[in-house]
file my_file35.pdb (PDB, C-alpha atoms)
ATOM      1  CA  MET J   1      19.002  45.940  29.467
ATOM      2  CA  THR J   2      17.642  45.189  25.991
ATOM      3  CA  ALA J   3      17.602  48.879  25.082
ATOM      4  CA  LEU J   4      21.227  49.178  26.180
ATOM      5  CA  GLN J   5      22.210  46.189  24.041
ATOM      6  CA  ILE J   6      20.379  47.609  21.023
ATOM      7  CA  GLY J   7      22.113  50.948  21.483
ATOM      8  CA  ALA J   8      25.517  49.284  21.800
ATOM      9  CA  VAL J   9      24.969  47.229  18.632
ATOM     10  CA  ALA J  10      23.834  50.343  16.722
ATOM     11  CA  ALA J  11      26.897  52.280  17.895
ATOM     12  CA  LEU J  12      29.296  49.455  16.957
ATOM     13  CA  TYR J  13      27.598  48.981  13.585
ATOM     14  CA  TYR J  14      27.863  52.703  12.843
ATOM     15  CA  ALA J  15      31.478  53.024  14.027
ATOM     16  CA  THR J  16      32.756  49.984  12.121
ATOM     17  CA  GLY J  17      30.785  51.088   9.054
ATOM     18  CA  LYS J  18      32.516  54.464   9.100
ATOM     19  CA  LEU J  19      35.872  52.703   9.363
ATOM     20  CA  GLY J  20      34.973  50.527   6.386
ATOM     21  CA  LEU J  21      34.010  53.551   4.290
ATOM     22  CA  LEU J  22      37.521  54.930   4.679
ATOM     23  CA  GLN J  23      38.591  52.350   2.087
ATOM     24  CA  GLN J  24      35.623  52.703  -0.290
ATOM     25  CA  LEU J  25      36.128  51.822  -3.946
ATOM     26  CA  VAL J  26      32.727  52.239  -5.634
ATOM     27  CA  ARG J  27      30.608  55.373  -5.384
ATOM     28  CA  GLY J  28      31.926  56.201  -1.936
ATOM     29  CA  GLN J  29      29.571  53.569  -0.545
ATOM     30  CA  VAL J  30      30.870  50.087  -1.383
ATOM     31  CA  THR J  31      34.086  48.818   0.212
ATOM     32  CA  PRO J  32      36.190  45.635  -0.074
ATOM     33  CA  LEU J  33      35.610  44.984   3.638
ATOM     34  CA  TRP J  34      32.361  45.920   5.407
ATOM     35  CA  PRO J  35      33.028  45.190   9.106
ATOM     36  CA  SER J  36      29.454  46.030  10.123
ATOM     37  CA  THR J  37      28.125  42.752   8.747
ATOM     38  CA  GLY J  38      30.457  40.835  11.043
ATOM     39  CA  ILE J  39      29.358  42.926  14.028
ATOM     40  CA  ALA J  40      25.700  42.403  13.120
ATOM     41  CA  LEU J  41      25.970  38.618  12.777
ATOM     42  CA  ALA J  42      28.094  38.271  15.917
ATOM     43  CA  SER J  43      25.544  40.266  17.948
ATOM     44  CA  LEU J  44      22.734  38.026  16.726
ATOM     45  CA  LEU J  45      24.671  34.871  17.576
ATOM     46  CA  LEU J  46      25.845  36.054  20.995
ATOM     47  CA  ILE J  47      22.828  38.047  22.208
ATOM     48  CA  GLY J  48      19.876  36.971  20.087
ATOM     49  CA  LEU J  49      17.264  38.269  17.696
ATOM     50  CA  ARG J  50      16.357  41.152  19.990
ATOM     51  CA  THR J  51      19.363  43.086  18.664
ATOM     52  CA  TRP J  52      18.013  43.453  15.119
ATOM     53  CA  PRO J  53      16.658  47.000  15.754
ATOM     54  CA  GLY J  54      20.212  48.050  16.602
ATOM     55  CA  ILE J  55      21.412  46.655  13.274
ATOM     56  CA  ALA J  56      18.682  48.519  11.407
ATOM     57  CA  LEU J  57      19.373  51.766  13.285
ATOM     58  CA  GLY J  58      23.103  51.607  12.665
ATOM     59  CA  ALA J  59      22.609  50.840   8.967
ATOM     60  CA  PHE J  60      20.134  53.700   8.590
ATOM     61  CA  LEU J  61      22.443  56.213  10.262
ATOM     62  CA  ILE J  62      25.288  55.263   7.926
ATOM     63  CA  ASN J  63      23.263  55.260   4.713
ATOM     64  CA  ILE J  64      21.293  58.433   5.409
ATOM     65  CA  SER J  65      24.470  60.445   4.937
ATOM     66  CA  LEU J  66      25.276  58.658   1.668
ATOM     67  CA  GLY J  67      21.949  58.892  -0.147
ATOM     68  CA  PRO J  68      21.000  58.956  -2.927
ATOM     69  CA  SER J  69      17.410  59.406  -1.651
ATOM     70  CA  THR J  70      15.338  58.612   1.412
ATOM     71  CA  THR J  71      13.544  55.773  -0.355
ATOM     72  CA  ALA J  72      16.850  54.281  -1.486
ATOM     73  CA  VAL J  73      18.283  54.611   2.015
ATOM     74  CA  ILE J  74      15.327  52.720   3.495
ATOM     75  CA  ALA J  75      15.680  49.958   0.892
ATOM     76  CA  ILE J  76      19.437  49.614   1.456
ATOM     77  CA  THR J  77      18.895  49.606   5.222
ATOM     78  CA  ALA J  78      16.358  46.818   4.834
ATOM     79  CA  GLY J  79      18.849  44.777   2.828
ATOM     80  CA  ASN J  80      21.624  45.395   5.352
ATOM     81  CA  THR J  81      19.318  44.233   8.142
ATOM     82  CA  LEU J  82      17.888  41.187   6.366
ATOM     83  CA  ALA J  83      21.277  39.808   5.303
ATOM     84  CA  PRO J  84      22.632  39.042   8.813
ATOM     85  CA  LEU J  85      19.184  37.810   9.853
ATOM     86  CA  CYS J  86      19.229  35.319   6.969
ATOM     87  CA  SER J  87      22.762  34.256   7.894
ATOM     88  CA  TYR J  88      21.676  33.810  11.518
ATOM     89  CA  ALA J  89      18.701  31.664  10.499
ATOM     90  CA  LEU J  90      20.847  29.480   8.225
ATOM     91  CA  LEU J  91      23.485  28.971  10.911
ATOM     92  CA  ARG J  92      20.910  28.072  13.544
ATOM     93  CA  ARG J  93      19.384  25.511  11.212
ATOM     94  CA  THR J  94      22.733  23.701  11.051
ATOM     95  CA  GLY J  95      23.334  23.743  14.823
ATOM     96  CA  PHE J  96      26.135  26.286  14.659
ATOM     97  CA  ARG J  97      28.158  26.720  17.867
ATOM     98  CA  THR J  98      29.574  30.129  18.672
ATOM     99  CA  GLN J  99      32.696  28.465  20.118
ATOM    100  CA  MET J 100      33.518  27.290  16.567
ATOM    101  CA  ASN J 101      35.205  24.216  18.038
ATOM    102  CA  ARG J 102      34.101  21.953  15.192
ATOM    103  CA  PHE J 103      35.189  21.878  11.578
ATOM    104  CA  GLN J 104      31.555  21.955  10.459
ATOM    105  CA  ASP J 105      31.035  25.241  12.324
ATOM    106  CA  ALA J 106      33.780  26.893  10.283
ATOM    107  CA  LEU J 107      32.313  25.529   7.047
ATOM    108  CA  ALA J 108      28.840  26.774   8.001
ATOM    109  CA  LEU J 109      30.132  30.268   8.752
ATOM    110  CA  VAL J 110      31.962  30.401   5.412
ATOM    111  CA  PHE J 111      29.301  29.071   3.063
ATOM    112  CA  LEU J 112      26.054  29.926   4.874
ATOM    113  CA  GLY J 113      26.902  32.900   7.068
ATOM    114  CA  ALA J 114      29.097  34.726   4.551
ATOM    115  CA  PHE J 115      28.592  33.570   0.978
ATOM    116  CA  ALA J 116      24.871  32.750   1.091
ATOM    117  CA  GLY J 117      23.490  35.264   3.576
ATOM    118  CA  MET J 118      25.282  38.281   2.117
ATOM    119  CA  LEU J 119      23.659  37.738  -1.285
ATOM    120  CA  VAL J 120      20.642  39.553   0.142
ATOM    121  CA  SER J 121      22.364  42.837   0.989
ATOM    122  CA  ALA J 122      24.426  42.901  -2.216
ATOM    123  CA  THR J 123      21.419  42.248  -4.441
ATOM    124  CA  VAL J 124      19.064  44.675  -2.688
ATOM    125  CA  GLY J 125      21.694  47.408  -2.459
ATOM    126  CA  SER J 126      22.902  47.134  -6.053
ATOM    127  CA  PHE J 127      19.371  47.060  -7.451
ATOM    128  CA  THR J 128      18.460  50.067  -5.343
ATOM    129  CA  LEU J 129      21.391  52.103  -6.618
ATOM    130  CA  HIS J 130      20.636  50.996 -10.178
ATOM    131  CA  LEU J 131      16.969  51.991  -9.961
ATOM    132  CA  ALA J 132      17.939  55.303  -8.393
ATOM    133  CA  ARG J 133      20.304  55.887 -11.338
ATOM    134  CA  ALA J 134      23.189  56.273  -8.934
ATOM    135  CA  LEU J 135      25.412  53.897 -10.896
ATOM    136  CA  PRO J 136      27.123  54.510 -14.218
ATOM    137  CA  ALA J 137      26.216  52.468 -17.257
ATOM    138  CA  GLY J 138      27.481  48.933 -16.877
ATOM    139  CA  GLY J 139      28.243  49.491 -13.222
ATOM    140  CA  PHE J 140      25.689  47.096 -11.750
ATOM    141  CA  TRP J 141      27.734  43.898 -11.725
ATOM    142  CA  PRO J 142      31.015  45.469 -10.535
ATOM    143  CA  THR J 143      29.067  47.133  -7.730
ATOM    144  CA  TRP J 144      27.257  43.918  -6.903
ATOM    145  CA  TRP J 145      30.537  41.985  -6.837
ATOM    146  CA  VAL J 146      32.316  44.458  -4.571
ATOM    147  CA  TRP J 147      29.260  44.746  -2.310
ATOM    148  CA  TRP J 148      28.849  40.988  -1.938
ATOM    149  CA  THR J 149      32.520  40.219  -1.401
ATOM    150  CA  GLY J 150      32.875  43.150   1.024
ATOM    151  CA  ASP J 151      29.945  41.972   3.134
ATOM    152  CA  ALA J 152      31.143  38.365   2.976
ATOM    153  CA  MET J 153      34.646  39.355   4.046
ATOM    154  CA  GLY J 154      33.113  41.295   6.927
ATOM    155  CA  VAL J 155      31.490  38.088   8.152
ATOM    156  CA  LEU J 156      34.547  35.904   7.597
ATOM    157  CA  LEU J 157      37.099  38.281   9.099
ATOM    158  CA  VAL J 158      35.252  40.347  11.709
ATOM    159  CA  ALA J 159      32.561  38.044  13.141
ATOM    160  CA  PRO J 160      35.045  35.370  14.340
ATOM    161  CA  VAL J 161      36.912  37.938  16.474
ATOM    162  CA  PRO J 162      34.124  38.684  19.021
ATOM    163  CA  LEU J 163      33.010  35.057  18.887
ATOM    164  CA  ALA J 164      36.521  33.874  19.723
ATOM    165  CA  LEU J 165      37.055  36.507  22.422
ATOM    166  CA  CYS J 166      33.778  35.652  24.150
ATOM    167  CA  SER J 167      34.628  31.943  24.319
ATOM    168  CA  ALA J 168      38.331  32.381  25.122
ATOM    169  CA  HIS J 169      39.674  32.273  28.664
ATOM    170  CA  TRP J 170      42.752  33.726  30.275
ATOM    171  CA  PRO J 171      45.488  31.081  30.294
ATOM    172  CA  LYS J 172      46.355  29.787  33.740
ATOM    173  CA  ASP J 173      49.862  28.756  34.718
ATOM    174  CA  ALA J 174      51.144  29.490  31.228
ATOM    175  CA  PRO J 175      54.952  29.331  31.091
ATOM    176  CA  PRO J 176      56.884  32.492  30.194
ATOM    177  CA  SER J 177      57.853  30.930  26.874
ATOM    178  CA  ARG J 178      54.163  30.832  25.904
ATOM    179  CA  TRP J 179      53.762  34.544  26.583
ATOM    180  CA  ALA J 180      56.967  35.256  24.678
ATOM    181  CA  GLU J 181      55.684  33.302  21.691
ATOM    182  CA  GLY J 182      52.416  35.245  21.716
ATOM    183  CA  ALA J 183      54.266  38.564  21.852
ATOM    184  CA  LEU J 184      56.496  37.428  18.996
ATOM    185  CA  LEU J 185      53.428  36.543  16.924
ATOM    186  CA  VAL J 186      51.959  40.016  17.493
ATOM    187  CA  ALA J 187      55.222  41.695  16.555
ATOM    188  CA  ALA J 188      55.612  39.519  13.456
ATOM    189  CA  THR J 189      52.048  40.300  12.351
ATOM    190  CA  ILE J 190      52.662  44.034  12.616
ATOM    191  CA  GLY J 191      55.990  43.778  10.841
ATOM    192  CA  VAL J 192      54.612  41.694   7.983
ATOM    193  CA  GLY J 193      51.655  44.083   7.743
ATOM    194  CA  PHE J 194      53.952  47.009   7.073
ATOM    195  CA  LEU J 195      55.837  44.930   4.502
ATOM    196  CA  GLU J 196      52.553  44.298   2.695
ATOM    197  CA  THR J 197      52.093  48.021   2.091
ATOM    198  CA  THR J 198      55.563  48.527   0.574
ATOM    199  CA  PRO J 199      56.172  48.575  -3.193
ATOM    200  CA  THR J 200      57.708  45.099  -2.931
ATOM    201  CA  PRO J 201      55.014  42.399  -3.465
ATOM    202  CA  LEU J 202      55.357  40.559  -0.138
ATOM    203  CA  ILE J 203      51.686  40.047   0.618
ATOM    204  CA  PHE J 204      52.122  36.266   0.713
ATOM    205  CA  LEU J 205      54.108  36.527   3.949
ATOM    206  CA  GLY J 206      50.855  36.816   5.876
ATOM    207  CA  LEU J 207      49.847  33.209   5.221
ATOM    208  CA  PRO J 208      52.607  31.550   7.331
ATOM    209  CA  LEU J 209      51.574  33.789  10.228
ATOM    210  CA  LEU J 210      48.013  32.477  10.003
ATOM    211  CA  THR J 211      49.277  28.898  10.063
ATOM    212  CA  TRP J 212      51.429  29.667  13.096
ATOM    213  CA  ALA J 213      48.545  31.343  14.937
ATOM    214  CA  ALA J 214      46.093  28.538  14.126
ATOM    215  CA  PHE J 215      48.404  25.697  15.181
ATOM    216  CA  ARG J 216      49.721  27.266  18.366
ATOM    217  CA  PHE J 217      46.838  29.418  19.635
ATOM    218  CA  GLN J 218      43.798  28.241  17.619
ATOM    219  CA  ARG J 219      40.908  30.622  16.934
ATOM    220  CA  ALA J 220      41.749  33.054  19.756
ATOM    221  CA  ALA J 221      44.802  34.222  17.795
ATOM    222  CA  ALA J 222      43.991  33.087  14.255
ATOM    223  CA  ALA J 223      40.901  35.315  13.922
ATOM    224  CA  PRO J 224      42.585  38.600  14.980
ATOM    225  CA  CYS J 225      45.687  37.709  12.965
ATOM    226  CA  ALA J 226      43.626  37.152   9.800
ATOM    227  CA  LEU J 227      41.823  40.464  10.307
ATOM    228  CA  ALA J 228      45.103  42.343  10.754
ATOM    229  CA  VAL J 229      46.723  40.747   7.701
ATOM    230  CA  THR J 230      43.766  41.560   5.457
ATOM    231  CA  ILE J 231      43.505  45.159   6.704
ATOM    232  CA  PHE J 232      47.098  45.757   5.631
ATOM    233  CA  ALA J 233      46.330  44.105   2.282
ATOM    234  CA  ILE J 234      43.369  46.452   1.775
ATOM    235  CA  LEU J 235      45.603  49.431   2.530
ATOM    236  CA  ALA J 236      48.052  48.200  -0.089
ATOM    237  CA  ALA J 237      45.231  47.794  -2.624
ATOM    238  CA  THR J 238      43.802  51.255  -2.068
ATOM    239  CA  ARG J 239      47.284  52.758  -2.405
ATOM    240  CA  ARG J 240      47.958  50.576  -5.472
ATOM    241  CA  SER J 241      51.270  49.395  -4.069
ATOM    242  CA  GLY J 242      52.956  46.007  -4.007
ATOM    243  CA  PRO J 243      51.101  43.398  -6.111
ATOM    244  CA  PHE J 244      48.278  45.896  -6.768
ATOM    245  CA  ALA J 245      50.407  48.403  -8.674
ATOM    246  CA  GLY J 246      49.744  48.950 -12.371
ATOM    247  CA  HIS J 247      46.467  47.014 -12.592
ATOM    248  CA  SER J 248      42.854  47.961 -13.190
ATOM    249  CA  LEU J 249      40.310  48.304 -10.398
ATOM    250  CA  LEU J 250      38.633  45.016 -11.335
ATOM    251  CA  THR J 251      41.942  43.134 -11.370
ATOM    252  CA  ASN J 252      42.937  44.565  -8.011
ATOM    253  CA  MET J 253      39.557  43.702  -6.520
ATOM    254  CA  ILE J 254      39.801  40.103  -7.715
ATOM    255  CA  ALA J 255      43.335  39.736  -6.374
ATOM    256  CA  LEU J 256      42.495  41.442  -3.079
ATOM    257  CA  GLN J 257      39.361  39.449  -2.362
ATOM    258  CA  ALA J 258      41.071  36.227  -3.401
ATOM    259  CA  PHE J 259      43.811  36.925  -0.852
ATOM    260  CA  ASN J 260      41.304  37.973   1.827
ATOM    261  CA  GLY J 261      39.243  34.854   1.214
ATOM    262  CA  ALA J 262      42.321  32.635   1.373
ATOM    263  CA  ALA J 263      43.408  34.274   4.629
ATOM    264  CA  ALA J 264      39.960  33.913   6.193
ATOM    265  CA  LEU J 265      39.587  30.288   5.105
ATOM    266  CA  THR J 266      43.071  29.405   6.345
ATOM    267  CA  ALA J 267      42.433  30.947   9.751
ATOM    268  CA  LEU J 268      38.916  29.573  10.235
ATOM    269  CA  LEU J 269      39.251  26.069   8.845
ATOM    270  CA  LEU J 270      42.715  25.313  10.171
ATOM    271  CA  SER J 271      42.028  26.610  13.685
ATOM    272  CA  ALA J 272      38.723  24.705  13.797
ATOM    273  CA  ALA J 273      40.422  21.493  12.668
ATOM    274  CA  ILE J 274      43.201  21.876  15.257
ATOM    275  CA  THR J 275      40.695  22.650  18.028
ATOM    276  CA  GLU J 276      38.578  19.626  17.113
ATOM    277  CA  ARG J 277      41.650  17.391  17.059
ATOM    278  CA  ASN J 278      42.775  18.647  20.478
ATOM    279  CA  GLN J 279      39.322  18.062  21.938
ATOM    280  CA  THR J 280      39.199  14.544  20.524
ATOM    281  CA  GLN J 281      42.620  13.777  21.962
ATOM    282  CA  GLU J 282      41.565  15.120  25.362
ATOM    283  CA  GLU J 283      38.374  13.045  25.320
ATOM    284  CA  ILE J 284      40.382   9.908  24.495
ATOM    285  CA  GLU J 285      42.780  10.595  27.362
ATOM    286  CA  GLN J 286      39.875  11.149  29.766
ATOM    287  CA  ALA J 287      38.202   7.933  28.613
ATOM    288  CA  CYS J 288      41.417   5.973  29.131
ATOM    289  CA  GLN J 289      41.810   7.454  32.605
ATOM    290  CA  ARG J 290      38.231   6.544  33.551
ATOM    291  CA  LEU J 291      38.732   3.027  32.212
ATOM    292  CA  SER J 292      41.906   2.654  34.239
ATOM    293  CA  GLU J 293      40.122   3.802  37.390
ATOM    294  CA  MET J 294      37.294   1.328  36.783
ATOM    295  CA  VAL J 295      39.780  -1.532  36.363
ATOM    296  CA  MET J 296      41.505  -0.608  39.610
ATOM    297  CA  ARG J 297      38.175  -0.608  41.481
ATOM    298  CA  VAL J 298      36.936  -3.890  40.014
ATOM    299  CA  ALA J 299      40.182  -5.879  40.356
ATOM    300  CA  PRO J 300      40.329  -7.859  43.704
ATOM    301  CA  ASP J 301      42.947  -6.771  46.183
ATOM    302  CA  THR J 302      43.539  -9.910  48.383
ATOM    303  CA  GLY J 303      46.969  -8.973  49.696
ATOM    304  CA  ASP J 304      48.069 -12.717  49.767
ATOM    305  CA  GLU J 305      51.642 -13.707  49.135
ATOM    306  CA  PRO J 306      52.241 -15.679  45.969
ATOM    307  CA  THR J 307      51.973 -19.469  46.586
ATOM    308  CA  PRO J 308      55.221 -21.286  45.758
ATOM    309  CA  PRO J 309      55.110 -24.303  43.480
ATOM    310  CA  GLU J 310      54.281 -27.635  45.160
ATOM    311  CA  GLY J 311      57.647 -29.221  44.518
ATOM    312  CA  ARG J 312      59.500 -26.241  45.981
ATOM    313  CA  ALA J 313      57.348 -26.299  49.131
ATOM    314  CA  ASP J 314      58.125 -30.018  49.711
ATOM    315  CA  GLU J 315      61.838 -29.310  49.403
ATOM    316  CA  GLU J 316      61.637 -26.584  52.041
ATOM    317  CA  ASP J 317      59.671 -28.860  54.435
ATOM    318  CA  ASN J 318      62.339 -31.616  54.196
ATOM    319  CA  GLY J 319      65.311 -29.400  54.821
ATOM    320  CA  GLY J 320      66.036 -28.930  51.185
ATOM    321  CA  GLN J 321      66.019 -32.746  50.451
ATOM    322  CA  THR J 322      63.658 -34.409  48.076
ATOM    323  CA  ARG J 323      60.996 -36.643  49.662
ATOM    324  CA  PRO J 324      61.400 -40.312  48.706
TER
END

call {"tool": "encode", "arguments": {"input": "my_file35.pdb", "output": "C-alpha cells"}}
result
Amino acid sequence: MTALQIGAVAALYYATGKLGLLQQLVRGQVTPLWPSTGIALASLLLIGLRTWPGIALGAFLINISLGPSTTAVIAITAGNTLAPLCSYALLRRTGFRTQMNRFQDALALVFLGAFAGMLVSATVGSFTLHLARALPAGGFWPTWWVWWTGDAMGVLLVAPVPLALCSAHWPKDAPPSRWAEGALLVAATIGVGFLETTPTPLIFLGLPLLTWAAFRFQRAAAAPCALAVTIFAILAATRRSGPFAGHSLLTNMIALQAFNGAAALTALLLSAAITERNQTQEEIEQACQRLSEMVMRVAPDTGDEPTPPEGRADEEDNGGQTRP
C-alpha cells in the first residue's frame, strides 16, 4: 500500500510539474505557478511523511530533463523535497487541521506553508543555477523571486483543492435551486476566465466570483474557483494580453503574482471565516437545544388544575353570594 501511495504521489508530482512548465518564464524551468508543491504538501498532510520518497522521485524525474548537470539536478531535487517537508513540520507545530475550518488554519497555510516553507526550494534552486552558471548576469534575484512566488502560489492555490475535496461531502436533500446556483457559479467562472485572456483588462472580475463561492459554498468551491481564476490570469500574462500588455517581464510578474496572491488570500481567508462562523452558530443552536431539553426534564409536571383565588372559591360555594 505504501509503495502504491509513493508511486501515485510521484506520478501526480511529475504530471502537475509538466503542466506548470508549459507556462515557464525563466530559463524554461521557473514558472509563476508550480502546482507540484501543492500536491507535495497535500500528500504529506493527508497521507503522512511516508510519501516523501514520491516527492523526491517526481522532482528528480522533472529536473533530470532540464539539467543543467546531474549534480545540479540532485541539489534542486533536494530543495524541492525539503521545502514541503519544512512546510509540513511548521503546520504540524501549529496544530493545523486539514479541514481548514478555522481562520487560524488558513493563516498558517498562507504564512507558514507557502511563504516560509517555500523559501527553501527557491533559495537552493536559485543558488544551484547560479553556481552552475546557468543564469545570466544579474539573473539571480529575478529567478529567486519567480521561483519563490511560483512555489508559494502552488501551495496557496493547489494544496487547498485536494484538502477541500477530501473533507467535503455530497450534499443531501439539497434543493434544485442550490444545484442551479452551483452550475451558474461554474459557468460564470469559465466565462470570466475567457474574459481575462482578452485584450480588455477585465482580470478584476474574478474577485467577485471568489467572494460568491466563499460565502455560498465555502472552501469546497472557493479553492477550485481561485485555482481556475489564476490559471486564466497566468495565460493572459504569458500571452501579454489584457493588463499585461506592453509591460516588462518584471512588471508583469509583480502584477500577476499580486493578483494570484489576492485571489488565494480571498478564497482561503474568507471561506475559513465563513466556515468558522457557521460552526459557531451551529454549536450555539445545539447548546440552546440541549439546555431546553434539560429544562423540560427538570421542571415538575404535576398536572394539577390552577387553584382559584380564595375569595372566588367562597363565592362559588355560596351560590355566587358573598359570605357575611

call {"tool": "resolve_selection", "arguments": {"input": "my_file35.pdb", "expression": "the PyMOL selection byres ((chain J and resi 135) around 12)", "output": "PyMOL selection string"}}
result
chain J and resi 26-30+68+125-134+136-144

call {"tool": "write_last_selection", "arguments": {"input": "my_file35.pdb", "atoms": "C-alpha atoms", "output": "PDB file, in the coordinates of the input"}}
result
ATOM      1  CA  VAL J  26      32.727  52.239  -5.634  1.00  0.00           C
ATOM      2  CA  ARG J  27      30.608  55.373  -5.384  1.00  0.00           C
ATOM      3  CA  GLY J  28      31.926  56.201  -1.936  1.00  0.00           C
ATOM      4  CA  GLN J  29      29.571  53.569  -0.545  1.00  0.00           C
ATOM      5  CA  VAL J  30      30.870  50.087  -1.383  1.00  0.00           C
ATOM      6  CA  PRO J  68      21.000  58.956  -2.927  1.00  0.00           C
ATOM      7  CA  GLY J 125      21.694  47.408  -2.459  1.00  0.00           C
ATOM      8  CA  SER J 126      22.902  47.134  -6.053  1.00  0.00           C
ATOM      9  CA  PHE J 127      19.371  47.060  -7.451  1.00  0.00           C
ATOM     10  CA  THR J 128      18.460  50.067  -5.343  1.00  0.00           C
ATOM     11  CA  LEU J 129      21.391  52.103  -6.618  1.00  0.00           C
ATOM     12  CA  HIS J 130      20.636  50.996 -10.178  1.00  0.00           C
ATOM     13  CA  LEU J 131      16.969  51.991  -9.961  1.00  0.00           C
ATOM     14  CA  ALA J 132      17.939  55.303  -8.393  1.00  0.00           C
ATOM     15  CA  ARG J 133      20.304  55.887 -11.338  1.00  0.00           C
ATOM     16  CA  ALA J 134      23.189  56.273  -8.934  1.00  0.00           C
ATOM     17  CA  PRO J 136      27.123  54.510 -14.218  1.00  0.00           C
ATOM     18  CA  ALA J 137      26.216  52.468 -17.257  1.00  0.00           C
ATOM     19  CA  GLY J 138      27.481  48.933 -16.877  1.00  0.00           C
ATOM     20  CA  GLY J 139      28.243  49.491 -13.222  1.00  0.00           C
ATOM     21  CA  PHE J 140      25.689  47.096 -11.750  1.00  0.00           C
ATOM     22  CA  TRP J 141      27.734  43.898 -11.725  1.00  0.00           C
ATOM     23  CA  PRO J 142      31.015  45.469 -10.535  1.00  0.00           C
ATOM     24  CA  THR J 143      29.067  47.133  -7.730  1.00  0.00           C
ATOM     25  CA  TRP J 144      27.257  43.918  -6.903  1.00  0.00           C
TER      26      TRP J 144
END

call {"tool": "axis_aligned_box", "arguments": {"input": "my_file35.pdb", "around": "range 58-72 of chain J", "padding_each_side": "5 Å", "output": "lines of an AutoDock Vina configuration file"}}
result
center_x = 19.4
center_y = 55.6
center_z = 4.9
size_x = 21.7
size_y = 19.6
size_z = 25.6

call {"tool": "residues_around", "arguments": {"input": "my_file35.pdb", "residues": "Ser241 in chain J", "least_positions_apart": "5", "cutoff": "12 Å", "atoms": "all atoms listed in the file", "output": "number ranges by chain"}}
result
J: 194-203, 232-236, 246-247, 252, 256

call {"tool": "closest_residue", "arguments": {"input": "my_file35.pdb", "among": "J:Pro162, J:Arg290, J:Ala299, J:Thr275", "to": "Gln104 in chain J", "atoms": "all atoms listed in the file"}}
result
J:Thr275

call {"tool": "atom_distance", "arguments": {"input": "my_file35.pdb", "atom1": "CA of Ala164 in chain J", "atom2": "CA of Val192 in chain J"}}
result
22.9 Å

call {"tool": "atom_distance", "arguments": {"input": "my_file35.pdb", "atom1": "CA of Thr81 in chain J", "atom2": "CA of Ile47 in chain J"}}
result
15.8 Å

call {"tool": "residues_near_point", "arguments": {"input": "my_file35.pdb", "point": "(25.5, 49.7, 14.2)", "cutoff": "9 Å", "atoms": "only C-alpha atoms", "output": "ChimeraX atom specification"}}
result
/J:6-17,36,39-40,54-62

call {"tool": "closest_residue", "arguments": {"input": "my_file35.pdb", "among": "J:Val186, J:Ala287, J:Ala75, J:Ile274", "to": "Phe215 in chain J", "atoms": "only C-alpha atoms"}}
result
J:Ile274

call {"tool": "residues_around", "arguments": {"input": "my_file35.pdb", "residues": "Arg92 in chain J", "least_positions_apart": "5", "cutoff": "9 Å", "atoms": "all atoms listed in the file", "output": "ChimeraX atom specification"}}
result
/J:45,87,97

call {"tool": "resolve_selection", "arguments": {"input": "my_file35.pdb", "expression": "the PyMOL selection byres ((chain J and resi 176-184) around 12)", "output": "list in words"}}
result
Trp170, Pro171, Lys172, Asp173, Ala174, Pro175, Leu185, Val186, Ala187, Ala188, Thr189, Ile190, Gly191, Val192, Leu209, Trp212, Ala213, Ala214, Arg216, Phe217, Gln218, Ala220, Ala221, Ala222 and Cys225 of chain J

call {"tool": "closest_residue", "arguments": {"input": "my_file35.pdb", "among": "J:Phe103, J:Phe244, J:Phe115, J:Trp147", "to": "Leu269 in chain J", "atoms": "only C-alpha atoms"}}
result
J:Phe103

call {"tool": "closest_residue", "arguments": {"input": "my_file35.pdb", "among": "J:Cys166, J:Val124, J:Pro32, J:Ala114", "to": "Ile74 in chain J", "atoms": "only C-alpha atoms"}}
result
J:Val124

call {"tool": "residues_around", "arguments": {"input": "my_file35.pdb", "residues": "Ala267 in chain J", "least_positions_apart": "3", "cutoff": "8 Å", "atoms": "all atoms listed in the file", "output": "PDB file with C-alpha atoms, keeping the file's coordinate frame"}}
result
ATOM      1  CA  LEU J 210      48.013  32.477  10.003  1.00  0.00           C
ATOM      2  CA  THR J 211      49.277  28.898  10.063  1.00  0.00           C
ATOM      3  CA  ALA J 214      46.093  28.538  14.126  1.00  0.00           C
ATOM      4  CA  ARG J 219      40.908  30.622  16.934  1.00  0.00           C
ATOM      5  CA  ALA J 222      43.991  33.087  14.255  1.00  0.00           C
ATOM      6  CA  ALA J 223      40.901  35.315  13.922  1.00  0.00           C
ATOM      7  CA  ALA J 226      43.626  37.152   9.800  1.00  0.00           C
ATOM      8  CA  ALA J 263      43.408  34.274   4.629  1.00  0.00           C
ATOM      9  CA  ALA J 264      39.960  33.913   6.193  1.00  0.00           C
ATOM     10  CA  LEU J 270      42.715  25.313  10.171  1.00  0.00           C
ATOM     11  CA  SER J 271      42.028  26.610  13.685  1.00  0.00           C
TER      12      SER J 271
END

call {"tool": "closest_residue", "arguments": {"input": "my_file35.pdb", "among": "J:Gly150, J:Ala89, J:Arg297, J:Asp105", "to": "Leu119 in chain J", "atoms": "only C-alpha atoms"}}
result
J:Gly150

call {"tool": "closest_residue", "arguments": {"input": "my_file35.pdb", "among": "J:Gln257, J:Ser65, J:Thr2, J:Asn80", "to": "Leu41 in chain J", "atoms": "only C-alpha atoms"}}
result
J:Asn80

call {"tool": "atom_distance", "arguments": {"input": "my_file35.pdb", "atom1": "CA of Leu33 in chain J", "atom2": "CA of Ala152 in chain J"}}
result
8.0 Å
